[in-house]
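A.B. asks: Dumping the structure here so I can ask a few things about it.
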Amino acid sequence: MKQEIATVVEHHNFQGEYRILRLAAPEIGPVVKPGQFLHLLIPQLGDRVLRRPFSIYKADTEGVSILYKPVGRGTDSMRPLHVGDTVDIIGPLGNGYPELTEGKFPVLVAGGYGNAALYLKAKELPAKGVAFFGGRTAEDILCVDEFKELGWEVRPTTNDGSLGIKGLVTTDFDPWMAEQDIQSLELFVCGPGPMLKAMGERAIEHDFTAWLSMDENMACGVGACLTCVIKRKITDGWEWARCCTDGPVFESREILWNE
Amino acid sequence: MKQEIATVVEHHNFQGEYRILRLAAPEIGPVVKPGQFLHLLIPQLGDRVLRRPFSIYKADTEGVSILYKPVGRGTDSMRPLHVGDTVDIIGPLGNGYPELTEGKFPVLVAGGYGNAALYLKAKELPAKGVAFFGGRTAEDILCVDEFKELGWEVRPTTNDGSLGIKGLVTTDFDPWMAEQDIQSLELFVCGPGPMLKAMGERAIEHDFTAWLSMDENMACGVGACLTCVIKRKITDGWEWARCCTDGPVFESREILWNE
Amino acid sequence: MSKPNLEVKIGSMVMKNPVTVASGTFGYGPEYADLVDLNRLGAITVKGICPDETIGNPTPRTFETRGGMLNAIGLPGPGAQGFIDKYIPFLSQYDVPVIVNIWGKSMEDYGTVVEMLDAEDTVSAYEINLSCPNVKEAGSAFGTDTDSFSRVIELVRGKTKKPIIPKLAPNVSDIGAFAKAAEEAGADAISIMNSYPAMAINIETLKPELANRTGGLSGPPIKPIAIKLVWDAFKATTLPIIGMGGIYEPEDAIEFMIAGATSVAVGTANFTDPSTVDRVIAGIEHYLVEKEHRSAFDIVGTVKT
Amino acid sequence: MSKPNLEVKIGSMVMKNPVTVASGTFGYGPEYADLVDLNRLGAITVKGICPDETIGNPTPRTFETRGGMLNAIGLPGPGAQGFIDKYIPFLSQYDVPVIVNIWGKSMEDYGTVVEMLDAEDTVSAYEINLSCPNVKEAGSAFGTDTDSFSRVIELVRGKTKKPIIPKLAPNVSDIGAFAKAAEEAGADAISIMNSYPAMAINIETLKPELANRTGGLSGPPIKPIAIKLVWDAFKATTLPIIGMGGIYEPEDAIEFMIAGATSVAVGTANFTDPSTVDRVIAGIEHYLVEKEHRSAFDIVGTVKT
Ligand SMILES: Cc1cc2nc3c(=O)[nH]c(=O)nc-3n(C[C@H](O)[C@H](O)[C@H](O)COP(=O)(O)OP(=O)(O)OC[C@H]3O[C@@H](n4cnc5c(N)ncnc54)[C@H](O)[C@@H]3O)c2cc1C
Ligand SMILES: Cc1cc2nc3c(=O)[nH]c(=O)nc-3n(C[C@H](O)[C@H](O)[C@H](O)COP(=O)(O)OP(=O)(O)OC[C@H]3O[C@@H](n4cnc5c(N)ncnc54)[C@H](O)[C@@H]3O)c2cc1C
Ligand SMILES: Cc1cc2nc3c(=O)[nH]c(=O)nc-3n(C[C@H](O)[C@H](O)[C@H](O)COP(=O)(O)O)c2cc1C
Ligand SMILES: Cc1cc2nc3c(=O)[nH]c(=O)nc-3n(C[C@H](O)[C@H](O)[C@H](O)COP(=O)(O)O)c2cc1C
Ligand code: FES
Ligand code: FES
């Protein structure tokens with residue numbers, strides 16, 4: 001974990017409303033593991049003081065890239081960042097996804113910026129599997145070609161049917177799953193809460209492994225403030241686990257979902 | 001007095017560190033009187049909430065110009081304003097300078113952005129007189145040619161002697177004054193506190209008229225908050241007068257200087 | 001859908017919408033009349049008035065802080081008679097209730113100022129300042145001790161039939177106790193909050209940034225404090241509450257109402273943007289339409305806890 | 001000129017410079033160890049510890065406000081024994097005093113937690129949390145009433161010879177009374193201020209933004225309030241003061257010291273920029289050099305009023 005003043009080297013529209021921000025970060029770039037994230041201090045955020053976490057989409061010896069969608073105060077304020085501006089980042093943060101278990105068949109499930117979060121994992125995985133991507137419209141299904149290039153079978157679903165099957169990710173996943181050697185599946189999931197929960201439930205019901213990247217609001221990002229906690233099951237009940245340091249990736253069985 | 005969302009039509013270096021900001025303000029521009037000011041809400045001022053007052057340098061039917069020097073949080077944050085950006089201004093504010101008294105000889109005394117504040121007055125005055133401009137260095141003596149073009153005799157003084165006489169405005173003014181029909185002088189002054197006070201003292205001692213534009217911190221700018229008050233003499237003592245609405249221009253005899 | 005009813009009542013005073021201005025941030029009315037349509041306001045609240053003319057504090061009187069400002073104006077003013085002479089003719093032109101913020105150097109003063117003003121029809125209600133951080137008498141002396149707090153209210157109650165609205169000090173551990181005390185002493189409403197006692201020091205001169213040394217913090221920084229105080233008071237009393245503290249956007253005003261405020265006051269925001277009151281009124285109306293409420297009162301105290 | 005002496009003392013605890021971190025904003029030490037050189041700190045102040053393991057409040061626990069944040073973490077923690085097992089080995093590697101922030105659900109708890117911790121050499125001092133806005137017991141119950149406030153301090157005093165530092169509640173009318181009470185009860189220093197009781201409500205859901213409903217406001221918005229509280233306390237007591245509330249820049253820390261703080265703590269700013277502590281230490285040193293002071297202590301309480 002390092003704090004680095006990173007220079008913007010690329011910043012433009014990526015797809016639909018999504019934008020890509022590429023930062024020169026020679027200290028953080030080389031040490032990123034798939035599923036980790038950055039904590040970014042947005043310049044010109046007016047009177048707001050907290051950083052915002054972003055999954056690392058790409059990383060190499062020179063820097064990192066993230067994909068984001070302007071949806072609120074922070075992400076809106078990132079728009080005016082120009083090439084050459086500097087951004088204060090802390091990273092890489094979080095545990096990231098574990099290695100694929102021997103003999104398991106990898107499945108990626110993602111929604112929205114979750115696609116970005118899984119790209120490095122897709123690249124690293126030795127065996128190529130199937131990627132289920134869900135979104136509201138075709139615009140929310142990111143990086144399809146990139147995943148295909150890596151050798152993955154990409155199966156998009158959209159709420160409006162503008163790309164792939166019409167429905168939720170589960171609309172496509174459930175029948176597919178039924179035809180697999182279910183217990184050999186190992187899922188790597190990153191997406192909105194309901195998607196995480198749906199996949200987690202299936203993992204438990206059908207007895208496969210699902211690594212879920214949890215999306216919780218953060219303050220410190222380094223484990224100090226205890227903002228980002230979720231309930232993790234332990235033998236006699238539950239304990240709090242911090243998404244920023246104990247996660248963001250948890251196996252479905254670890255999580256006690258809030259009612 | 002109007003509130004107007006004005007578009008930046010010009011913004012660049014003017015002289016030394018001074019910058020000129022020209023705003024399209026068709027409502028405010030046409031009604032400006034010399035010595036009045038604008039109250040400007042600086043965009044991108046981060047977490048600061050108060051406006052900043054600026055003397056109106058030029059005004060016409062289409063808009064207004066101000067001259068400023070980045071010296072603090074507010075003025076520094078004005079640098080990135082681009083042509084096409086909008087700025088929220090309230091104006092024109094304050095009483096401005098009165099008409100020249102019949103038969104009096106007009107003298108302008110200014111320092112720093114005070115030169116800007118006097119330009120409209122210089123332009124309006126029927127009789128052309130003498131203008132004493134003081135500053136730290138040549139860079140602080142603004143608009144000399146413009147005043148000359150209007151027919152004024154311009155006499156600069158600088159602390160370092162880089163333009164005109166070396167010294168304070170008074171170094172040049174005092175001997176000059178001694179040779180005039182002193183009581184026929186009518187001074188219009190805009191500059192830093194000590195300059196205002198020096199001229200005010202001379203006006204009282206030598207019995208001439210001096211209109212001083214007072215420089216006080218402001219919050220509302222419209223007379224509501226009672227931030228910008230100075231002591232104004234009245235028959236039995238003094239009362240508070242608001243620089244924003246009762247001023248900023250006061251005659252030297254009105255002012256009770258703080259010890 | 002028909003337009004929602006924005007009208008609210010503070011005791012017998014009817015406000016055409018819930019929005020007034022915070023005392024001391026809007027002068028006596030004329031100052032903002034060029035920029036704000038005074039008839040559009042729910043009420044005009046004027047700067048603090050005491051029986052006699054007062055000069056207030058030395059300068060500097062305000063200081064900009066991160067996100068807000070400090071003030072130690074110190075309640076200068078024309079006195080009750082001066083107010084009547086200088087401002088009543090102006091204010092009486094408008095079709096909008098006038099809330100006069102009153103204060104005193106002694107307990108008796110609070111009675112005297114009401115006696116002097118009460119015959120004026122233009123004066124619709126009194127906001128009793130018991131919480132000025134900058135004038136010992138009007139602040140700590142009466143505002144942070146429930147006994148003298150109640151006695152001032154009872155005294156004023158005895159002098160007028162118009163609505164009386166004590167303005168509570170924020171720097172107390174239990175605002176509910178003051179809300180209850182106000183109710184028992186005969187108040188018609190309460191207003192919350194005054195600026196918060198605060199200070200800034202110049203590290204070059206070592207001098208406080210305000211001549212009065214300390215002042216009151218106002219603006220966006222105090223909003224979350226004010227929201228809690230309003231909610232706490234709402235639970236403790238049935239009196240209507242005028243909520244204020246850092247209202248800059250319609251959403252802020254709506255938040256105050258959901259926390260329990262029947263009416264809201266825009267203060268420091270007037271300095272930043274005089275169109276705030278207008279935006280806030282429009283924003284409240286828009287919210288009521290969107291949420292399909294019939295009346296502004298429908299959202300008061302609706303926080304789900 | 002020779003380097004100024006940055007050392008300050010809080011009771012018998014020597015800090016190599018005046019800068020520590022605010023409890024709850026720096027975890028227990030390891031969390032920021034990659035980003036901050038812990039040996040550079042004047043002291044490490046850890047998150048609140050009570051005798052038993054505790055779970056704290058439900059989520060959401062924090063919320064970003066204009067200029068600052070609200071928190072209602074609710075003091076989750078490993079308990080005294082858990083703290084010893086999990087963090088003492090780590091903390092003992094560093095050459096920096098450790099201040100353990102303690103709290104209790106009952107008055108007795110405050111004694112118990114000290115009994116459990118006191119044998120640990122790594123524990124240098126106790127900050128007694130009597131002002132948590134989010135846990136009834138550790139907050140309003142003890143922090144806003146001078147009697148129980150004093151009793152907790154006396155109880156802790158009886159259990160340890162190490163410096164004890166009560167952390168005062170900001171939401172009181174007279175902080176001086178608490179400062180004096182702390183002194184009389186045997187405290188070695190006081191710390192000011194905890195986050196300020198506050199609230200935010202989501203106007204779409206009508207629900208409070210924090211699961212705990214209310215929380216504590218921290219960050220730049222509260223600095224002017226904290227500066228005044230420190231100054232007020234400084235006038236009332238001779239105890240050293242650890243000042244905090246919105247310190248983001250060296251100038252903020254220096255302002256606290258001029259107001260009367262011997263030591264300062266960086267809180268919310270750690271989240272924004274973990275290099276703040278480092279910048280603040282360097283900035284204090286730079287200021288002392290520039291103003292030709294020999295020691296950090298020279299500027300404490302030098303405000304000219
Ligand atoms: C581990 C992690 C990885 C992330 N990766 C990405 C990424 O790669 N690309 C991307 O665009 N965004 C990502 N996010 C979300 C991102 O951090 C921002 O929170 C989000 O973009 C909204 O921030 P904002 O400041 O624009 O909006 P705000 O104005 O802060 O918030 C807008 C709304 O979203 C809510 N919100 C904010 N943050 C969260 C959150 N984390 N979870 C749930 N609700 C929230 C707010 O409460 C508010 O209602 C990630 C979040 C986490 C925790
Ligand atoms: C009537 C009037 C007309 C003005 N006209 C101009 C103009 O034409 N061009 C121009 O550049 N500036 C002008 N100013 C000053 C301007 O409003 C700003 O205050 C100044 O430029 C510094 O603001 P800042 O935000 O950059 O600095 P800040 O960070 O706010 O302040 C820097 C320092 O200056 C002090 N300061 C701020 N404002 C004042 C003030 N008004 N008087 C004394 N000290 C102050 C602050 O206390 C601080 O110590 C005028 C001021 C007044 C009252
Ligand atoms: C410059 C200024 C002057 C004030 N004068 C008064 C006053 O005369 N009487 C009073 O009760 N409150 C006074 N206040 C407090 C405000 O009415 C209000 O309670 C406080 O500022 C909080 O609201 P805000 O954050 O919206 O400004 C004053 C506030 C400011 C900023
Ligand atoms: C997330 C968070 C957790 C906190 N936890 C504690 C705590 O456990 N014990 C305590 O005494 N204060 C706690 N505080 C209060 C801080 O120590 C500090 O008093 C307050 O935040 C003001 O300082 P700041 O504005 O620099 O953050 C916490 C503050 C925050 C923001
Ligand atoms: S965000 Fe602070 S502990 Fe996770
Ligand atoms: S600045 Fe408010 S009265 Fe002049």
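Going by the structure tokens order, chains are called A, B, ..., each with residues numbered from 1, while ligands are numbered from 1 in the order shown.
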Using only C-alpha atoms, find the residues of chain D whose closest atom to chain A is at most 10 Å away, then write them as an MDAnalysis selection string.

C.D. replies: chainID D and resid 23:36 46:47 54:56 58:69 71:77 219:221 268:275

A.B. asks: Please extract the residues at most 6 Å from ligand 1, counting only C-alpha atoms and all ligand atoms, and provide them as a list in words, using the chain letters and residue numbers of this document.

C.D. replies: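 Written in the requested form, the residues are Phe37, Arg52, Pro53, Phe54, Ser55, Ile66, Leu67, Tyr68, Lys69, Pro70, Val71, Gly72, Arg73, Gly74, Thr75, Asp76, Tyr113, Asp215, Glu216, Asn217 and Pro248 of chain A.
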
A.B. asks: Take the residues from that selection and put them in a file with N, CA and C atoms, as a PDB file, in the first residue's frame.

C.D. replies:
```pdb
ATOM      1  N   PHE A  37      -8.215  -2.354  -5.374  1.00  0.00           N
ATOM      2  CA  PHE A  37      -8.751  -1.044  -5.753  1.00  0.00           C
ATOM      3  C   PHE A  37      -7.836   0.080  -5.289  1.00  0.00           C
ATOM      4  N   ARG A  52     -12.602   8.461  -2.820  1.00  0.00           N
ATOM      5  CA  ARG A  52     -13.548   7.523  -3.423  1.00  0.00           C
ATOM      6  C   ARG A  52     -12.770   6.300  -3.900  1.00  0.00           C
ATOM      7  N   PRO A  53     -13.287   5.090  -3.628  1.00  0.00           N
ATOM      8  CA  PRO A  53     -12.617   3.870  -4.078  1.00  0.00           C
ATOM      9  C   PRO A  53     -12.979   3.514  -5.531  1.00  0.00           C
ATOM     10  N   PHE A  54     -12.000   3.044  -6.266  1.00  0.00           N
ATOM     11  CA  PHE A  54     -12.228   2.596  -7.650  1.00  0.00           C
ATOM     12  C   PHE A  54     -11.451   1.308  -7.908  1.00  0.00           C
ATOM     13  N   SER A  55     -12.143   0.362  -8.475  1.00  0.00           N
ATOM     14  CA  SER A  55     -11.490  -0.895  -8.847  1.00  0.00           C
ATOM     15  C   SER A  55     -10.431  -0.614  -9.897  1.00  0.00           C
ATOM     16  N   ILE A  66      -8.567   3.167 -14.426  1.00  0.00           N
ATOM     17  CA  ILE A  66      -9.863   2.838 -13.843  1.00  0.00           C
ATOM     18  C   ILE A  66     -10.955   3.212 -14.834  1.00  0.00           C
ATOM     19  N   LEU A  67     -12.099   2.553 -14.673  1.00  0.00           N
ATOM     20  CA  LEU A  67     -13.292   2.911 -15.453  1.00  0.00           C
ATOM     21  C   LEU A  67     -14.314   3.434 -14.461  1.00  0.00           C
ATOM     22  N   TYR A  68     -14.924   4.556 -14.806  1.00  0.00           N
ATOM     23  CA  TYR A  68     -15.950   5.052 -13.891  1.00  0.00           C
ATOM     24  C   TYR A  68     -17.080   5.704 -14.670  1.00  0.00           C
ATOM     25  N   LYS A  69     -18.186   5.856 -13.959  1.00  0.00           N
ATOM     26  CA  LYS A  69     -19.359   6.497 -14.538  1.00  0.00           C
ATOM     27  C   LYS A  69     -19.734   7.653 -13.617  1.00  0.00           C
ATOM     28  N   PRO A  70     -19.876   8.841 -14.152  1.00  0.00           N
ATOM     29  CA  PRO A  70     -20.286   9.962 -13.292  1.00  0.00           C
ATOM     30  C   PRO A  70     -21.703   9.742 -12.778  1.00  0.00           C
ATOM     31  N   VAL A  71     -21.831   9.480 -11.506  1.00  0.00           N
ATOM     32  CA  VAL A  71     -23.141   9.203 -10.914  1.00  0.00           C
ATOM     33  C   VAL A  71     -23.422  10.056  -9.689  1.00  0.00           C
ATOM     34  N   GLY A  72     -22.453  10.853  -9.261  1.00  0.00           N
ATOM     35  CA  GLY A  72     -22.662  11.617  -8.040  1.00  0.00           C
ATOM     36  C   GLY A  72     -21.624  12.705  -7.945  1.00  0.00           C
ATOM     37  N   ARG A  73     -21.564  13.266  -6.760  1.00  0.00           N
ATOM     38  CA  ARG A  73     -20.704  14.410  -6.543  1.00  0.00           C
ATOM     39  C   ARG A  73     -19.243  14.144  -6.905  1.00  0.00           C
ATOM     40  N   GLY A  74     -18.750  13.010  -6.451  1.00  0.00           N
ATOM     41  CA  GLY A  74     -17.339  12.719  -6.661  1.00  0.00           C
ATOM     42  C   GLY A  74     -17.034  12.432  -8.118  1.00  0.00           C
ATOM     43  N   THR A  75     -17.747  11.475  -8.661  1.00  0.00           N
ATOM     44  CA  THR A  75     -17.463  11.074 -10.028  1.00  0.00           C
ATOM     45  C   THR A  75     -17.772  12.198 -11.020  1.00  0.00           C
ATOM     46  N   ASP A  76     -18.763  13.022 -10.730  1.00  0.00           N
ATOM     47  CA  ASP A  76     -19.016  14.184 -11.594  1.00  0.00           C
ATOM     48  C   ASP A  76     -17.809  15.129 -11.591  1.00  0.00           C
ATOM     49  N   TYR A 113     -19.330  -1.239 -13.602  1.00  0.00           N
ATOM     50  CA  TYR A 113     -17.871  -1.154 -13.485  1.00  0.00           C
ATOM     51  C   TYR A 113     -17.258  -2.448 -12.982  1.00  0.00           C
ATOM     52  N   ASP A 215     -19.442  -4.131  -2.315  1.00  0.00           N
ATOM     53  CA  ASP A 215     -19.450  -2.701  -2.622  1.00  0.00           C
ATOM     54  C   ASP A 215     -20.017  -1.935  -1.433  1.00  0.00           C
ATOM     55  N   GLU A 216     -19.151  -1.415  -0.603  1.00  0.00           N
ATOM     56  CA  GLU A 216     -19.597  -0.659   0.567  1.00  0.00           C
ATOM     57  C   GLU A 216     -18.955   0.720   0.561  1.00  0.00           C
ATOM     58  N   ASN A 217     -19.675   1.673   1.079  1.00  0.00           N
ATOM     59  CA  ASN A 217     -19.104   3.007   1.245  1.00  0.00           C
ATOM     60  C   ASN A 217     -17.862   2.935   2.119  1.00  0.00           C
ATOM     61  N   PRO A 248     -12.053  -6.388  -0.500  1.00  0.00           N
ATOM     62  CA  PRO A 248     -13.503  -6.440  -0.731  1.00  0.00           C
ATOM     63  C   PRO A 248     -14.005  -7.825  -1.137  1.00  0.00           C
TER      64      PRO A 248
END
```

A.B. asks: Which polymer residues have any atom within 9 Å of an atom of Thr137 in chain B, counting only C-alpha atoms, with same-chain residues fewer than 5 positions away left out, as a PyMOL selection string?

C.D. replies: chain B and resi 157-163

A.B. asks: Near range 120-125 of chain B, counting only C-alpha atoms, which residues have an atom at most 8 Å away, once you skip same-chain residues fewer than 3 positions from it, shown as a VMD selection string?

C.D. replies: chain B and resid 33 to 35 57 to 59 97 99 to 100 106 108 116 to 117 128 147 150 152

A.B. asks: Could you write out, as a PyMOL selection string, all the residues of range 79-249 of chain B that DSSP marks as strand (DSSP E)?

C.D. replies: chain B and resi 86-93+105-111+130-135+153-158+165-166+185-190+209-213+229-234+237-242+249

A.B. asks: Write a file of the just-selected residues containing C-alpha atoms, as a short mmCIF file (atom, residue, chain, number, x, y, z; two decimals), in the first residue's frame.

C.D. replies:
```
data_model
loop_
_atom_site.label_atom_id
_atom_site.label_comp_id
_atom_site.auth_asym_id
_atom_site.auth_seq_id
_atom_site.Cartn_x
_atom_site.Cartn_y
_atom_site.Cartn_z
CA THR B 86 -20.00 32.32 -16.02
CA VAL B 87 -19.61 34.33 -12.86
CA ASP B 88 -22.36 35.41 -10.48
CA ILE B 89 -22.05 39.13 -9.74
CA ILE B 90 -24.06 41.66 -7.77
CA GLY B 91 -23.73 45.30 -8.69
CA PRO B 92 -23.25 48.07 -9.09
CA LEU B 93 -22.78 48.58 -5.36
CA PHE B 105 -9.41 71.48 -9.25
CA PRO B 106 -9.56 67.66 -9.47
CA VAL B 107 -6.72 65.53 -8.15
CA LEU B 108 -6.64 61.74 -8.28
CA VAL B 109 -4.59 59.76 -5.80
CA ALA B 110 -4.37 56.03 -6.19
CA GLY B 111 -2.39 52.93 -5.37
CA VAL B 130 -3.31 65.79 -11.86
CA ALA B 131 -3.13 62.09 -10.94
CA PHE B 132 -0.71 60.86 -8.26
CA PHE B 133 -0.16 57.13 -8.50
CA GLY B 134 1.85 55.27 -5.89
CA GLY B 135 3.06 51.71 -5.78
CA GLU B 153 -1.07 64.73 -15.86
CA VAL B 154 0.18 61.51 -14.31
CA ARG B 155 2.81 61.64 -11.53
CA PRO B 156 3.96 58.20 -10.42
CA THR B 157 5.91 57.40 -7.27
CA THR B 158 7.35 54.02 -6.43
CA ILE B 165 9.84 59.57 -8.02
CA LYS B 166 11.19 57.23 -5.38
CA LEU B 185 -8.20 71.10 -4.59
CA GLU B 186 -10.71 68.26 -4.61
CA LEU B 187 -9.15 64.83 -4.17
CA PHE B 188 -10.54 61.49 -5.30
CA VAL B 189 -8.57 58.78 -3.55
CA CYS B 190 -8.55 55.00 -3.81
CA THR B 209 -11.92 68.23 0.05
CA ALA B 210 -10.84 64.57 -0.21
CA TRP B 211 -13.13 61.74 -1.20
CA LEU B 212 -11.72 58.49 0.12
CA SER B 213 -12.80 55.06 -1.09
CA VAL B 229 -18.54 49.44 9.12
CA ILE B 230 -16.27 52.36 9.88
CA LYS B 231 -16.74 55.15 12.36
CA ARG B 232 -18.43 58.21 10.87
CA LYS B 233 -18.33 61.42 12.89
CA ILE B 234 -21.62 62.94 13.91
CA GLY B 237 -19.52 61.53 18.70
CA TRP B 238 -19.70 58.90 15.98
CA GLU B 239 -21.90 56.31 14.36
CA TRP B 240 -21.15 53.26 12.28
CA ALA B 241 -21.37 53.71 8.54
CA ARG B 242 -21.36 50.78 6.15
CA VAL B 249 -16.57 56.75 -0.66
#
```

A.B. asks: Mind listing as a PyMOL selection string which residues of chain C are within 8 Å of chain D, counting only C-alpha atoms?

C.D. replies: chain C and resi 65-68+140+144+171-173+196-203+206-208+213-214+217+220-222+224-229+251+254-255+258-259+302-305

A.B. asks: Include C-alpha atoms and write out the residues we just selected as a JSON list (two decimals), in the first residue's frame.

C.D. replies:
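Saved as selection.json:
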```
[["chain", "number", "residue", "atom", "x", "y", "z"],
["C", 65, "THR", "CA", -13.71, 30.03, 7.75],
["C", 66, "ARG", "CA", -13.54, 26.72, 5.90],
["C", 67, "GLY", "CA", -17.06, 26.28, 4.63],
["C", 68, "GLY", "CA", -18.68, 29.06, 6.62],
["C", 140, "SER", "CA", -25.04, 32.78, 27.89],
["C", 144, "THR", "CA", -28.06, 28.25, 28.68],
["C", 171, "ASN", "CA", -24.36, 24.94, 22.99],
["C", 172, "VAL", "CA", -26.39, 23.03, 25.52],
["C", 173, "SER", "CA", -26.34, 19.34, 26.31],
["C", 196, "TYR", "CA", -22.30, 28.38, 17.36],
["C", 197, "PRO", "CA", -19.74, 29.94, 19.75],
["C", 198, "ALA", "CA", -16.41, 29.72, 17.96],
["C", 199, "MET", "CA", -13.07, 31.38, 17.40],
["C", 200, "ALA", "CA", -10.26, 31.83, 14.91],
["C", 201, "ILE", "CA", -6.77, 33.08, 15.62],
["C", 202, "ASN", "CA", -4.37, 34.64, 13.17],
["C", 203, "ILE", "CA", -1.12, 32.73, 13.56],
["C", 206, "LEU", "CA", -1.45, 35.93, 17.38],
["C", 207, "LYS", "CA", -4.63, 37.97, 17.56],
["C", 208, "PRO", "CA", -8.14, 36.59, 17.27],
["C", 213, "ARG", "CA", -12.21, 37.59, 20.17],
["C", 214, "THR", "CA", -14.94, 34.98, 19.78],
["C", 217, "LEU", "CA", -20.04, 29.98, 13.44],
["C", 220, "PRO", "CA", -22.95, 24.88, 5.91],
["C", 221, "PRO", "CA", -20.59, 23.61, 8.64],
["C", 222, "ILE", "CA", -23.30, 23.76, 11.30],
["C", 224, "PRO", "CA", -25.71, 18.61, 10.71],
["C", 225, "ILE", "CA", -25.61, 20.03, 14.24],
["C", 226, "ALA", "CA", -28.77, 22.05, 13.61],
["C", 227, "ILE", "CA", -30.61, 19.08, 12.11],
["C", 228, "LYS", "CA", -29.98, 17.06, 15.24],
["C", 229, "LEU", "CA", -31.03, 19.91, 17.53],
["C", 251, "GLU", "CA", -32.69, 20.00, -0.10],
["C", 254, "ILE", "CA", -36.49, 19.99, 3.19],
["C", 255, "GLU", "CA", -34.14, 18.06, 5.46],
["C", 258, "ILE", "CA", -38.35, 16.28, 7.73],
["C", 259, "ALA", "CA", -36.38, 16.57, 10.98],
["C", 302, "THR", "CA", -41.60, 12.68, 8.94],
["C", 303, "VAL", "CA", -38.12, 11.31, 9.56],
["C", 304, "LYS", "CA", -38.29, 7.53, 9.89],
["C", 305, "THR", "CA", -36.35, 6.51, 12.95]]
```

A.B. asks: To one decimal place, how far is atom 14 (N, counted along the ligand's line) of ligand 2 from CA of Val31 in chain B in Å?

C.D. replies: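 For atom 14 (N, counted along the ligand's line) of ligand 2 relative to CA of Val31 in chain B, the distance reads 20.3 Å.
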
A.B. asks: Can you list, as number ranges by chain, all residues belonging to range 31-218 of chain C that DSSP tags as helix (DSSP H, G or I)?

C.D. replies: C: 31-32, 38-40, 79-91, 107-117, 140-143, 146-157, 175-184

A.B. asks: Any idea what's packed within 12 Å of His293 in chain C, counting only C-alpha atoms, ignoring anything in its chain fewer than 2 positions away? Could you give it as a list in words?

C.D. replies: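 Near neighbours after the sequence-gap exclusion: Met1, Ser2, Lys3, Pro4, Asn5, Leu6, Ile284, Glu285, His286, Tyr287, Leu288, Val289, Glu290, Lys291, Ser295, Ala296, Phe297, Asp298, Ile299 and Val300 of chain C.
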
A.B. asks: Which residue, B:Leu81, B:Leu38, B:Ala24, B:Ile5, has the smallest gap to ligand 6 when you use only C-alpha atoms and all ligand atoms?

C.D. replies: B:Leu38

A.B. asks: Grab the CA of Tyr87 in chain C to CA of Glu120 in chain C distance for me, in Å with one decimal place.

C.D. replies: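 Between CA of Tyr87 in chain C and CA of Glu120 in chain C the gap is 11.4 Å.
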
A.B. asks: For atom 14 (N, counted along the ligand's line) of ligand 4 and CA of Asn194 in chain D, determine how far apart the two atoms are, in Å to one decimal place.

C.D. replies: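 Calculated distance between atom 14 (N, counted along the ligand's line) of ligand 4 and CA of Asn194 in chain D is 5.9 Å.
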
A.B. asks: Go through A:Thr7, A:Thr61, A:Gln15, A:Gln44 one by one, measure the shortest atom-to-atom distance of each to chain B using only C-alpha atoms, and give the residue with the smallest value.

C.D. replies: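 Ranked by minimum distance to chain B, first place goes to A:Gln44.
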